[in-house]
Each structure stands twice: as C-alpha cells, then as structure tokens.
$ cat structure.csv   # CSV, C-alpha atoms
chain,number,residue,atom,x,y,z
A,18,MET,CA,101.3,-85.6,9.0
A,19,GLY,CA,100.3,-89.1,9.7
A,20,LEU,CA,102.0,-92.3,8.4
A,21,THR,CA,99.0,-93.1,6.2
A,22,SER,CA,98.6,-89.5,4.9
A,23,ASN,CA,98.6,-89.1,1.1
A,24,LYS,CA,100.7,-85.9,1.7
A,25,VAL,CA,103.5,-88.0,3.3
A,26,LEU,CA,103.5,-90.4,0.4
A,27,ALA,CA,103.5,-87.5,-2.2
A,28,LEU,CA,106.3,-85.8,-0.3
A,29,ALA,CA,108.4,-89.0,-0.3
A,30,VAL,CA,107.8,-89.6,-4.0
A,31,CYS,CA,108.6,-85.9,-4.9
A,32,THR,CA,111.8,-86.1,-2.8
A,33,ALA,CA,112.9,-89.3,-4.6
A,34,VAL,CA,112.2,-87.7,-8.0
A,35,LEU,CA,114.1,-84.5,-7.1
A,36,LEU,CA,117.1,-86.4,-5.7
A,37,PHE,CA,117.2,-88.6,-8.8
A,38,ALA,CA,117.1,-85.5,-11.1
A,39,GLY,CA,119.8,-83.8,-8.9
A,40,THR,CA,122.0,-86.9,-9.1
A,41,VAL,CA,121.8,-87.0,-12.9
A,42,TRP,CA,122.5,-83.2,-13.0
A,43,LEU,CA,125.4,-83.2,-10.5
A,44,TRP,CA,127.1,-86.5,-11.6
A,45,PRO,CA,129.5,-84.9,-14.1
A,46,ARG,CA,130.7,-82.4,-11.4
A,47,LEU,CA,131.4,-85.4,-9.1
A,48,ALA,CA,133.2,-87.5,-11.6
A,49,ARG,CA,136.6,-86.7,-10.2
A,50,ARG,CA,138.6,-89.1,-7.9
A,51,THR,CA,138.9,-86.8,-5.0
A,52,TRP,CA,137.5,-87.9,-1.6
A,53,ARG,CA,134.9,-85.1,-1.7
A,54,ALA,CA,133.7,-86.2,-5.2
A,55,VAL,CA,133.5,-89.8,-4.2
A,56,SER,CA,131.7,-89.0,-0.9
A,57,GLY,CA,129.3,-86.8,-2.9
A,58,ARG,CA,128.4,-89.7,-5.3
A,59,VAL,CA,128.0,-92.1,-2.4
A,60,ALA,CA,125.7,-89.7,-0.5
A,61,LEU,CA,123.5,-89.0,-3.5
A,62,LEU,CA,123.1,-92.7,-4.3
A,63,LEU,CA,122.2,-93.5,-0.7
A,64,ALA,CA,119.8,-90.6,-0.6
A,65,VAL,CA,118.0,-91.7,-3.8
A,66,GLN,CA,117.8,-95.3,-2.6
A,67,LEU,CA,116.5,-94.4,0.8
A,68,THR,CA,113.8,-92.2,-0.6
A,69,LEU,CA,112.8,-94.9,-3.1
A,70,PHE,CA,112.6,-97.4,-0.3
A,71,ALA,CA,110.6,-95.0,1.8
A,72,SER,CA,108.2,-94.3,-1.0
A,73,ALA,CA,107.7,-98.0,-1.7
A,74,GLY,CA,107.2,-98.7,2.0
A,75,LEU,CA,104.7,-96.0,2.4
A,76,ALA,CA,102.7,-97.1,-0.7
A,77,ALA,CA,102.7,-100.7,0.5
A,78,ASN,CA,101.5,-99.6,4.0
A,79,GLN,CA,98.7,-97.6,2.5
A,80,ALA,CA,97.7,-100.6,0.3
A,81,PHE,CA,97.9,-103.3,3.0
A,82,GLY,CA,97.4,-101.4,6.3
A,83,PHE,CA,100.3,-102.8,8.2
A,84,TYR,CA,100.8,-99.8,10.5
A,85,ALA,CA,98.3,-97.0,11.5
A,86,SER,CA,100.7,-94.3,12.7
A,87,TRP,CA,104.3,-93.5,13.3
A,88,ALA,CA,104.0,-94.6,16.9
A,89,ASP,CA,102.5,-97.9,15.7
A,90,LEU,CA,105.5,-98.4,13.3
A,91,LEU,CA,108.0,-97.6,16.0
A,92,GLY,CA,106.2,-99.6,18.7
A,93,GLN,CA,105.6,-96.4,20.8
A,94,GLU,CA,101.8,-96.4,21.0
A,95,THR,CA,100.4,-94.9,24.1
A,96,ASP,CA,96.6,-94.9,23.5
A,97,GLU,CA,96.1,-98.7,23.5
A,98,GLY,CA,97.3,-101.5,25.6
A,99,VAL,CA,96.5,-103.4,28.8
A,100,VAL,CA,94.6,-101.4,31.4
A,101,VAL,CA,95.8,-102.1,34.9
A,102,ASP,CA,93.6,-100.0,37.2
A,103,HIS,CA,90.4,-97.9,37.0
A,104,THR,CA,88.4,-95.7,39.2
A,105,PRO,CA,85.1,-97.4,40.0
A,106,GLY,CA,82.2,-95.7,38.4
A,107,GLY,CA,84.5,-93.4,36.3
A,108,PRO,CA,84.4,-93.0,32.6
A,109,ALA,CA,87.1,-95.6,32.1
A,110,ASP,CA,84.7,-98.2,33.7
A,111,ASP,CA,82.4,-98.0,30.7
A,112,PRO,CA,83.1,-101.1,28.6
A,113,LEU,CA,82.2,-99.4,25.3
A,114,ARG,CA,82.4,-95.7,24.5
A,115,VAL,CA,81.7,-94.2,21.1
A,116,VAL,CA,84.4,-91.7,20.2
A,117,ASP,CA,83.4,-90.9,16.6
A,118,THR,CA,80.8,-91.6,14.0
A,119,GLY,CA,80.8,-91.7,10.2
A,120,SER,CA,79.1,-93.0,7.1
A,121,VAL,CA,79.9,-96.1,5.1
A,122,PRO,CA,82.5,-95.5,2.4
A,123,GLY,CA,81.1,-95.8,-1.0
A,124,ALA,CA,77.5,-96.1,0.3
A,125,GLY,CA,76.4,-93.2,-1.9
A,126,SER,CA,74.3,-91.6,0.9
A,127,PRO,CA,75.4,-90.1,4.2
A,128,GLY,CA,72.0,-91.0,5.8
A,129,ALA,CA,72.0,-93.7,8.4
A,130,ARG,CA,68.7,-95.1,7.2
A,131,THR,CA,70.0,-95.6,3.7
A,132,GLY,CA,73.7,-96.2,4.1
A,133,GLY,CA,74.3,-97.3,7.7
A,134,ARG,CA,76.7,-95.9,10.2
A,135,ILE,CA,80.2,-96.7,11.4
A,136,HIS,CA,81.1,-96.0,15.1
A,137,GLU,CA,84.7,-95.8,16.2
A,138,VAL,CA,84.6,-97.1,19.8
A,139,GLU,CA,86.8,-97.7,22.7
A,140,LEU,CA,86.4,-101.2,24.3
A,141,LEU,CA,87.4,-102.0,27.8
A,142,GLY,CA,87.4,-105.6,29.0
A,143,ARG,CA,85.6,-105.9,32.3
A,144,THR,CA,87.4,-109.1,33.4
A,145,THR,CA,90.6,-108.9,31.4
A,146,HIS,CA,91.2,-105.1,31.7
A,147,ILE,CA,92.3,-105.1,28.0
A,148,ALA,CA,91.5,-101.8,26.2
A,149,THR,CA,91.5,-101.4,22.5
A,150,ARG,CA,89.7,-99.5,19.7
A,151,ALA,CA,87.3,-100.9,17.1
A,152,TYR,CA,84.9,-99.9,14.4
A,153,VAL,CA,81.3,-101.0,14.6
A,154,TYR,CA,79.3,-101.1,11.4
A,155,LEU,CA,75.5,-100.7,11.9
A,156,PRO,CA,73.5,-101.5,8.8
A,157,PRO,CA,70.8,-99.1,7.6
A,158,GLU,CA,68.0,-101.4,8.9
A,159,TYR,CA,69.3,-100.8,12.4
A,160,PHE,CA,67.9,-97.2,12.2
A,161,GLN,CA,64.7,-97.9,10.4
A,162,ALA,CA,61.3,-97.8,12.2
A,163,ARG,CA,60.2,-101.3,11.2
A,164,TYR,CA,63.3,-102.8,12.8
A,165,ARG,CA,63.3,-100.8,16.0
A,166,THR,CA,62.5,-103.8,18.2
A,167,ARG,CA,64.6,-106.2,16.3
A,168,THR,CA,68.0,-107.5,17.4
A,169,PHE,CA,70.7,-108.3,14.8
A,170,PRO,CA,73.4,-111.0,14.4
A,171,ALA,CA,76.9,-109.8,14.9
A,172,ALA,CA,80.3,-110.8,13.6
A,173,VAL,CA,83.7,-109.9,14.9
A,174,VAL,CA,86.1,-109.1,12.0
A,175,LEU,CA,89.9,-109.3,12.7
A,176,THR,CA,92.9,-108.1,10.8
A,177,GLY,CA,96.2,-109.9,10.5
A,178,TYR,CA,99.3,-108.9,12.5
A,179,PRO,CA,100.2,-106.1,12.9
A,180,GLY,CA,97.3,-104.7,10.8
A,181,THR,CA,95.1,-101.8,11.4
A,182,ALA,CA,91.4,-101.8,12.2
A,183,LYS,CA,90.7,-99.0,9.8
A,184,ALA,CA,92.0,-101.2,6.9
A,185,LEU,CA,89.0,-103.4,7.4
A,186,VAL,CA,86.8,-100.4,6.7
A,187,ASP,CA,88.5,-98.6,3.8
A,188,LYS,CA,90.8,-101.3,2.3
A,189,LEU,CA,88.9,-104.5,2.6
A,190,ASP,CA,85.5,-102.8,2.4
A,191,TYR,CA,83.7,-104.9,4.9
A,192,PRO,CA,80.9,-102.4,5.6
A,193,HIS,CA,80.3,-101.5,1.9
A,194,THR,CA,80.3,-105.1,0.9
A,195,ALA,CA,77.9,-106.1,3.7
A,196,ARG,CA,75.5,-103.3,2.7
A,197,GLY,CA,75.6,-104.4,-0.9
A,198,LEU,CA,75.0,-108.0,-0.2
A,199,ALA,CA,72.1,-107.2,2.1
A,200,LYS,CA,70.6,-104.9,-0.5
A,201,GLU,CA,70.7,-107.8,-3.0
A,202,GLY,CA,69.2,-110.2,-0.5
A,203,ARG,CA,72.3,-112.4,-0.4
A,204,MET,CA,72.8,-111.9,3.4
A,205,ARG,CA,70.8,-110.6,6.3
A,206,PRO,CA,71.6,-107.2,7.9
A,207,MET,CA,74.4,-107.7,10.4
A,208,ILE,CA,76.5,-105.7,12.9
A,209,LEU,CA,80.2,-105.9,12.3
A,210,VAL,CA,82.8,-105.3,15.0
A,211,MET,CA,86.1,-104.6,13.3
A,212,LEU,CA,89.4,-104.6,15.1
A,213,ARG,CA,92.8,-106.1,15.1
A,214,PRO,CA,93.9,-109.0,17.3
A,215,THR,CA,96.8,-107.0,18.5
A,216,VAL,CA,95.1,-105.8,21.7
A,217,ALA,CA,98.4,-105.5,23.6
A,218,PRO,CA,100.7,-103.8,21.1
A,219,PRO,CA,103.3,-104.2,19.9
A,220,ARG,CA,103.1,-107.8,21.1
A,221,ASP,CA,101.5,-110.5,18.9
A,222,THR,CA,99.5,-112.5,21.5
A,223,GLU,CA,97.9,-114.9,18.9
A,224,CYS,CA,94.6,-114.6,20.9
A,225,VAL,CA,96.1,-116.7,23.7
A,226,ASP,CA,95.5,-116.3,27.5
A,227,ILE,CA,99.2,-115.8,28.3
A,228,PRO,CA,100.2,-116.9,31.8
A,229,GLY,CA,100.9,-113.7,33.8
A,230,GLY,CA,100.2,-111.7,30.7
A,231,PRO,CA,97.3,-110.4,28.5
A,232,GLN,CA,94.3,-112.6,28.6
A,233,THR,CA,93.5,-112.1,25.0
A,234,GLU,CA,91.4,-115.2,24.3
A,235,SER,CA,89.1,-114.3,27.3
A,236,PHE,CA,88.8,-110.8,26.0
A,237,PHE,CA,87.5,-112.0,22.6
A,238,ALA,CA,85.4,-114.8,24.1
A,239,LYS,CA,83.7,-112.8,26.9
A,240,ASP,CA,84.5,-109.2,27.3
A,241,LEU,CA,84.1,-108.0,23.7
A,242,PRO,CA,80.6,-109.7,23.1
A,243,ASP,CA,79.4,-108.5,26.6
A,244,ALA,CA,80.5,-104.9,25.9
A,245,VAL,CA,78.9,-104.8,22.4
A,246,ALA,CA,75.7,-106.5,23.5
A,247,GLY,CA,75.4,-104.0,26.4
A,248,HIS,CA,75.4,-101.1,23.9
A,249,TYR,CA,73.8,-102.3,20.7
A,250,ARG,CA,70.8,-104.5,19.8
A,251,VAL,CA,72.6,-107.8,19.3
A,252,GLY,CA,70.9,-111.1,19.5
A,253,GLY,CA,71.4,-112.5,23.0
A,254,LYS,CA,71.0,-116.3,22.5
A,255,PRO,CA,73.9,-118.7,21.5
A,256,GLY,CA,74.2,-118.6,17.8
A,257,SER,CA,74.0,-114.8,17.3
A,258,TRP,CA,77.7,-114.2,17.0
A,259,GLY,CA,80.2,-115.2,14.4
A,260,ILE,CA,83.9,-114.3,13.8
A,261,ILE,CA,86.0,-113.7,10.7
A,262,GLY,CA,89.7,-113.0,10.3
A,263,ASP,CA,92.5,-113.0,7.8
A,264,SER,CA,96.0,-114.4,8.4
A,265,THR,CA,96.7,-114.1,12.2
A,266,GLY,CA,93.1,-113.0,12.6
A,267,GLY,CA,92.0,-116.1,10.7
A,268,TYR,CA,93.8,-118.3,13.1
A,269,CYS,CA,92.2,-116.5,16.0
A,270,ALA,CA,88.7,-116.7,14.4
A,271,LEU,CA,89.0,-120.5,13.9
A,272,LYS,CA,90.4,-121.1,17.4
A,273,LEU,CA,87.8,-118.9,19.2
A,274,ALA,CA,84.9,-120.6,17.3
A,275,MET,CA,86.4,-124.0,18.3
A,276,HIS,CA,87.1,-123.2,21.9
A,277,HIS,CA,83.9,-121.2,22.5
A,278,PRO,CA,81.2,-122.6,20.2
A,279,ARG,CA,78.4,-121.3,22.5
A,280,VAL,CA,79.8,-117.8,21.9
A,281,TYR,CA,80.7,-118.1,18.2
A,282,ALA,CA,78.4,-120.2,16.2
A,283,ALA,CA,80.6,-119.8,13.1
A,284,GLY,CA,84.2,-118.9,12.4
A,285,ALA,CA,85.9,-118.1,9.1
A,286,GLY,CA,89.7,-118.1,8.7
A,287,LEU,CA,90.9,-116.5,5.5
A,288,SER,CA,94.5,-117.6,4.7
A,289,ALA,CA,94.7,-118.8,8.3
A,290,TYR,CA,97.4,-120.9,9.8
A,291,TYR,CA,96.6,-123.6,12.4
A,292,ARG,CA,99.3,-123.4,15.1
A,293,ALA,CA,100.4,-120.3,17.1
A,294,PRO,CA,103.9,-119.4,16.0
A,295,ILE,CA,106.7,-118.6,18.6
A,296,ASP,CA,108.9,-115.8,17.4
A,297,PRO,CA,110.3,-112.4,18.5
A,298,THR,CA,106.9,-110.8,17.9
A,299,THR,CA,105.0,-113.2,20.2
A,300,GLY,CA,107.5,-113.9,23.0
A,301,ASP,CA,106.9,-116.9,25.2
A,302,LEU,CA,103.1,-117.5,24.8
A,303,PHE,CA,102.8,-120.6,26.9
A,304,HIS,CA,105.5,-120.4,29.6
A,305,GLY,CA,106.1,-124.2,29.5
A,306,ASP,CA,102.4,-125.0,29.8
A,307,LYS,CA,102.0,-128.0,27.5
A,308,THR,CA,98.2,-128.1,27.9
A,309,LEU,CA,98.0,-124.4,26.8
A,310,ARG,CA,100.3,-125.0,23.8
A,311,ASN,CA,98.3,-128.1,22.7
A,312,ARG,CA,95.0,-126.2,22.9
A,313,ALA,CA,96.4,-123.5,20.6
A,314,ASP,CA,97.3,-126.2,18.0
A,315,LEU,CA,94.1,-126.6,16.0
A,316,PHE,CA,95.2,-129.9,14.5
A,317,TRP,CA,95.7,-131.3,18.0
A,318,TYR,CA,92.4,-129.9,19.2
A,319,LEU,CA,90.4,-131.6,16.5
A,320,LYS,CA,92.1,-134.9,17.2
A,321,ASN,CA,92.1,-134.9,21.0
A,322,MET,CA,89.2,-132.8,22.3
A,323,PRO,CA,85.5,-133.2,22.0
A,324,ALA,CA,84.4,-132.0,18.6
A,325,PRO,CA,83.1,-128.4,18.8
A,326,ASP,CA,79.5,-127.9,17.7
A,327,THR,CA,80.3,-125.0,15.4
A,328,SER,CA,80.6,-124.1,11.7
A,329,LEU,CA,84.0,-123.3,10.3
A,330,LEU,CA,85.1,-121.8,6.9
A,331,VAL,CA,88.7,-121.9,5.7
A,332,SER,CA,90.3,-120.5,2.6
A,333,SER,CA,93.5,-120.9,0.6
A,334,SER,CA,94.7,-121.0,-3.0
A,335,LYS,CA,96.5,-123.7,-5.0
A,336,ILE,CA,99.1,-121.3,-6.1
A,337,GLY,CA,100.3,-118.4,-4.0
A,338,GLU,CA,99.4,-119.4,-0.4
A,339,SER,CA,101.7,-121.3,1.9
A,340,ASN,CA,98.8,-122.8,3.9
A,341,TYR,CA,97.3,-124.8,1.1
A,342,LYS,CA,98.4,-128.3,2.3
A,343,ASP,CA,97.6,-127.5,5.9
A,344,THR,CA,94.2,-126.3,4.9
A,345,LEU,CA,93.4,-129.5,3.1
A,346,LYS,CA,94.6,-131.4,6.2
A,347,PHE,CA,92.4,-129.3,8.5
A,348,ILE,CA,89.4,-129.9,6.3
A,349,GLU,CA,89.9,-133.6,6.6
A,350,GLY,CA,90.4,-133.4,10.3
A,351,ALA,CA,87.2,-131.4,10.8
A,352,LYS,CA,85.2,-133.8,8.5
A,353,ALA,CA,86.3,-136.8,10.6
A,354,THR,CA,84.7,-135.4,13.7
A,355,ASN,CA,81.2,-135.8,12.3
A,356,ARG,CA,80.1,-132.8,14.3
A,357,THR,CA,82.1,-129.8,13.4
A,358,ARG,CA,80.7,-128.4,10.1
A,359,ILE,CA,83.4,-127.4,7.7
A,360,SER,CA,83.3,-125.3,4.4
A,361,SER,CA,86.1,-123.9,2.3
A,362,ILE,CA,87.0,-121.4,-0.4
A,363,ILE,CA,89.9,-122.7,-2.5
A,364,LEU,CA,91.1,-120.3,-5.3
A,365,GLU,CA,93.2,-121.4,-8.2
A,366,SER,CA,95.7,-118.7,-7.5
A,367,GLY,CA,96.0,-115.8,-5.0
A,368,GLY,CA,98.6,-114.5,-2.7
A,369,HIS,CA,98.6,-113.6,1.0
A,370,ASN,CA,97.2,-110.1,0.5
A,371,PHE,CA,94.3,-107.8,0.4
A,372,ASN,CA,93.4,-108.5,-3.2
A,373,THR,CA,92.9,-112.2,-2.5
A,374,TRP,CA,90.8,-111.5,0.6
A,375,ARG,CA,88.6,-109.0,-1.2
A,376,ARG,CA,87.8,-111.8,-3.6
A,377,GLU,CA,86.8,-114.1,-0.7
A,378,ILE,CA,84.9,-111.6,1.6
A,379,PRO,CA,81.5,-111.5,-0.2
A,380,ALA,CA,81.2,-115.3,-0.1
A,381,THR,CA,82.4,-115.3,3.5
A,382,LEU,CA,79.8,-112.8,4.6
A,383,GLU,CA,77.1,-114.6,2.8
A,384,TRP,CA,78.2,-117.9,4.4
A,385,ILE,CA,78.4,-116.5,8.0
A,386,SER,CA,75.0,-114.7,7.6
A,387,GLY,CA,73.3,-118.0,6.9
A,388,ARG,CA,74.7,-119.6,10.1
A,389,LEU,CA,73.8,-117.0,12.7
A,390,SER,CA,70.5,-116.2,14.5
A,391,ASP,CA,69.2,-112.7,15.1
A,392,ARG,CA,67.3,-113.6,18.3
$ encode --input "structure.csv" --output "structure tokens"
Amino acid sequence: MGLTSNKVLALAVCTAVLLFAGTVWLWPRLARRTWRAVSGRVALLLAVQLTLFASAGLAANQAFGFYASWADLLGQETDEGVVVDHTPGGPADDPLRVVDTGSVPGAGSPGARTGGRIHEVELLGRTTHIATRAYVYLPPEYFQARYRTRTFPAAVVLTGYPGTAKALVDKLDYPHTARGLAKEGRMRPMILVMLRPTVAPPRDTECVDIPGGPQTESFFAKDLPDAVAGHYRVGGKPGSWGIIGDSTGGYCALKLAMHHPRVYAAGAGLSAYYRAPIDPTTGDLFHGDKTLRNRADLFWYLKNMPAPDTSLLVSSSKIGESNYKDTLKFIEGAKATNRTRISSIILESGGHNFNTWRREIPATLEWISGRLSDR
C-alpha cells in the first residue's frame, strides 16, 4: 500500500484507536511496581504515541502532498533523477513520453471534448540530461474541431519543496479551476505543465545551474519548453509561456521569468521567497561563485541587472506569512525599474499552506492568461 493510500491512513488510525483502548483496558493489570509492569506501561504509551504521530503525519501528507511514496519519504527514489547516458535513437532519447492519461477531477464528464484530459508524461532534457515526471492538462478546446489548427498558451506550474506533482492536480485543483474559469470566460483555454522543482531528488536545487551538478535552471528555461512544444500545440513565439509556483516553486517561477523573459512572459510566485537558501537539503549550490549567488538573489538582480521585460505576480498575507515584508520590498524594487511589470495578491490573513494557495489560484490563472499569447 502506498504512502498516500487511504487504506494506510485508515490502518494507522485504527491501530492507534485499538492501542489506546488496549492501554485503558490493561492499565490496572500493569499498575504494579515490578519491572515487567513498568516496562509494559512504557511500551504501551510509546506505541500509542507513535501510532498517533504516524496517523497525524499521514493525514498531513495527504492534505499537503509533501511526499508521493515511501521511497520519496526515505530519499530512495529510483525512477527519477539526473540521466547520465542514453542510446542514440532509443526510447530514452524521446524528450517527452506519455505514460498515462486521465480525465480532469471534478469535471463531471470523462469526455476530452467536454472535460479536457490530463497526461502523465516523462520528460527528458536534451541538453541537461535531467529526467522527471509531470502532468500535462489539455483543455477541452484542444480536442474540438474548431480549434484543431490553433495553438494554445502554456504555463508551467511548480510545487514547493519537496512537494508532489500529483498534488497540483488533486489537492490544488489547477486543471479543474482552469476549466471552470475558461468556461466562465474569465481566462483563455491554456495548457498546464505541472511538476515539482525537485528534478534531482532528494536534493533541493532551487532551480539553479549548480557547477558540476544538475543544470536545473537550464532544464526549465530550455529543455522543458522545447519538449512540450515538440509534442503539443503550444504557441511558438515569445510570450506564449508563463510560469506559476508556490513556496520554492514560487521563487523558481519569479527567477525564471526574470532571467529568461523571452521564454516566460509572465511569472507568478505564491508565498515565494526571494533568495535561494543554503541548508542541508540544498547543499552547496554556488561552489564559491559569487556571480551565480548574486543572480539567484532576486533583490540583487532587480537592483544591479537590466530590468527584465516580463510581468510578475507575487502573493503574501499580512498575518500568517513570513514573506510579507520581503514581498512589499520586492514590489517596490520592481516598480523602480519602470520596465518590469509587477502585480500582487495580498490577503488579510493566510498561512503557508494549500488552503491559502487555493484562494489565490483562480486570480493567478486569470492574471497569467491575460499576459500570454497563443500564437
């Protein structure tokens, strides 16, 4: 049974309840002062606490999508990572391969023409040799006859760290929300490419081209758009692509739009931070390269580099988000460039969590749709 399985959560909860009941029932028998009785009480209390923690952890993981599998939790994934070598012309050389298809959750109809489709795909970077999985949302219009010669704008959607790509589909409801907004005429039909920024797990690369390591920024700036455009009807001119992310993904979205404005005409960072952290999950990202470190600091970039010709959206809340002051500072820095277009969503209150981002996603999709071209 998988880490995110409802059966695993139910088993953990049932075990906790049974152990609690057993502790209450057996406690009188273990009330003596013998070493066996004391050991029994300690064992029962520890067992109850462990199962309670396990139940709470599993429930939180299901709600927020931190880890996708047991291997993901333990850092033992084998199906994703940095690809080192390939046989020319072999299946592994295909930069995008569809491995599964499904309907949009909550769409009310399994038909592609009415509800759209979600493809689970394997992506392989031609230049970076990075391999990862993603979910591609194709709106219902993509399959309708009157749109058969049309191209569509596209947006990359990133999770936080560690995050799971599936959470963007069934927890944050990006496809369902996009379909509803398009149906109401609040946004144009758009292709969404949903994945996590952790393309070299378990390392948090912060979308940096690491010297001697994963070239994550190049993957998102070149390999990913090339692979998707080679398989789907995506607009080919500058201005057809946008990028959205939350938390770590939000930082990546802003940085990629700023560093590569001819690729990403718009970038939205929900609850983003503005400097790449250095901690045990990231390792040494810059290897002493001051230029690389400065470029990854979005405040430094706004102040010292030519203003990027792109549109940016940032979000925070006055109560509950630690990035509020930095977000106001970033807004002022972007406004001072007189070239970079900046917008914001500031909530009165909201924490760093899925519930807050679900409140911001409809306005974010509507915003980014208005800034992209479909040609």
$ closest_atom_pairs --input "structure.csv" --of "range 226-248 of chain A" --to "range 269-286 of chain A" --cutoff "9 Å" --atoms "only C-alpha atoms" --output "JSON lines"
{"residue": "A:Glu234", "atom": "CA", "partner": "A:Leu273", "partner_atom": "CA", "distance": 7.3}
{"residue": "A:Phe237", "atom": "CA", "partner": "A:Leu273", "partner_atom": "CA", "distance": 7.7}
{"residue": "A:Ala238", "atom": "CA", "partner": "A:Val280", "partner_atom": "CA", "distance": 6.7}
{"residue": "A:Lys239", "atom": "CA", "partner": "A:Val280", "partner_atom": "CA", "distance": 8.1}
{"residue": "A:Pro242", "atom": "CA", "partner": "A:Val280", "partner_atom": "CA", "distance": 8.2}
$ residues_around --input "structure.csv" --residues "Asp243 in chain A" --least-positions-apart "2" --cutoff "12 Å" --atoms "only C-alpha atoms" --output "PyMOL selection string"
chain A and resi 111-113+140-144+235-241+245-253+258+280
$ closest_residue --input "structure.csv" --among "A:Thr357, A:Thr265, A:Asn340, A:Ser332" --to "Tyr318 in chain A" --atoms "only C-alpha atoms"
A:Thr357
$ atom_distance --input "structure.csv" --atom1 "CA of Arg213 in chain A" --atom2 "CA of Gly177 in chain A"
6.9 Å
$ residues_around --input "structure.csv" --residues "Ala71 in chain A" --least-positions-apart "4" --cutoff "7 Å" --atoms "all atoms listed in the file" --output "MDAnalysis selection string"
chainID A and resid 29 67 75
$ write_last_selection --input "structure.csv" --atoms "C-alpha atoms" --output "PDB file, in the coordinates of the input"
ATOM      1  CA  ALA A  29     108.400 -89.000  -0.300  1.00  0.00           C
ATOM      2  CA  LEU A  67     116.500 -94.400   0.800  1.00  0.00           C
ATOM      3  CA  LEU A  75     104.700 -96.000   2.400  1.00  0.00           C
TER       4      LEU A  75
END
$ atom_distance --input "structure.csv" --atom1 "CA of Ser386 in chain A" --atom2 "CA of Glu223 in chain A"
25.5 Å
$ build_atoms --input "structure.csv" --residues "range 182-189 of chain A" --atoms "all heavy atoms" --output "mmCIF file, in the frame of the given file"
data_model
loop_
_atom_site.group_PDB
_atom_site.id
_atom_site.type_symbol
_atom_site.label_atom_id
_atom_site.label_comp_id
_atom_site.auth_asym_id
_atom_site.auth_seq_id
_atom_site.Cartn_x
_atom_site.Cartn_y
_atom_site.Cartn_z
ATOM 1 N N ALA A 182 92.807 -101.648 12.244
ATOM 2 C CA ALA A 182 91.400 -101.800 12.200
ATOM 3 C C ALA A 182 90.748 -101.021 11.047
ATOM 4 O O ALA A 182 89.795 -101.460 10.392
ATOM 5 C CB ALA A 182 90.726 -101.466 13.523
ATOM 6 N N LYS A 183 91.295 -99.845 10.799
ATOM 7 C CA LYS A 183 90.700 -99.000 9.800
ATOM 8 C C LYS A 183 90.835 -99.636 8.374
ATOM 9 O O LYS A 183 89.992 -99.384 7.494
ATOM 10 C CB LYS A 183 91.501 -97.637 9.744
ATOM 11 C CG LYS A 183 90.875 -96.568 8.857
ATOM 12 C CD LYS A 183 89.521 -96.139 9.371
ATOM 13 C CE LYS A 183 88.877 -95.078 8.486
ATOM 14 N NZ LYS A 183 89.671 -93.825 8.454
ATOM 15 N N ALA A 184 91.845 -100.490 8.179
ATOM 16 C CA ALA A 184 92.000 -101.200 6.900
ATOM 17 C C ALA A 184 90.786 -102.056 6.588
ATOM 18 O O ALA A 184 90.453 -102.283 5.421
ATOM 19 C CB ALA A 184 93.270 -101.976 6.861
ATOM 20 N N LEU A 185 90.136 -102.582 7.608
ATOM 21 C CA LEU A 185 89.000 -103.400 7.400
ATOM 22 C C LEU A 185 87.809 -102.594 6.818
ATOM 23 O O LEU A 185 86.945 -103.113 6.112
ATOM 24 C CB LEU A 185 88.518 -104.061 8.712
ATOM 25 C CG LEU A 185 89.514 -105.039 9.332
ATOM 26 C CD1 LEU A 185 89.117 -105.370 10.764
ATOM 27 C CD2 LEU A 185 89.620 -106.306 8.495
ATOM 28 N N VAL A 186 87.821 -101.302 7.127
ATOM 29 C CA VAL A 186 86.800 -100.400 6.700
ATOM 30 C C VAL A 186 87.057 -99.881 5.266
ATOM 31 O O VAL A 186 86.226 -99.988 4.357
ATOM 32 C CB VAL A 186 86.584 -99.223 7.644
ATOM 33 C CG1 VAL A 186 85.537 -98.243 7.124
ATOM 34 C CG2 VAL A 186 86.212 -99.728 9.028
ATOM 35 N N ASP A 187 88.263 -99.315 5.073
ATOM 36 C CA ASP A 187 88.500 -98.600 3.800
ATOM 37 C C ASP A 187 89.416 -99.346 2.831
ATOM 38 O O ASP A 187 89.566 -98.897 1.685
ATOM 39 C CB ASP A 187 89.080 -97.208 4.081
ATOM 40 C CG ASP A 187 90.355 -97.231 4.917
ATOM 41 O OD1 ASP A 187 90.955 -98.313 5.055
ATOM 42 O OD2 ASP A 187 90.746 -96.174 5.430
ATOM 43 N N LYS A 188 90.018 -100.468 3.220
ATOM 44 C CA LYS A 188 90.800 -101.300 2.300
ATOM 45 C C LYS A 188 90.137 -102.554 1.905
ATOM 46 O O LYS A 188 90.082 -102.923 0.733
ATOM 47 C CB LYS A 188 92.207 -101.563 2.894
ATOM 48 C CG LYS A 188 93.017 -100.348 3.299
ATOM 49 C CD LYS A 188 93.362 -99.456 2.127
ATOM 50 C CE LYS A 188 94.224 -98.284 2.571
ATOM 51 N NZ LYS A 188 94.480 -97.340 1.466
ATOM 52 N N LEU A 189 89.613 -103.261 2.897
ATOM 53 C CA LEU A 189 88.900 -104.500 2.600
ATOM 54 C C LEU A 189 87.409 -104.321 2.445
ATOM 55 O O LEU A 189 86.701 -105.262 2.088
ATOM 56 C CB LEU A 189 89.194 -105.515 3.749
ATOM 57 C CG LEU A 189 90.626 -106.065 3.756
ATOM 58 C CD1 LEU A 189 90.867 -106.969 4.961
ATOM 59 C CD2 LEU A 189 90.913 -106.833 2.472
#
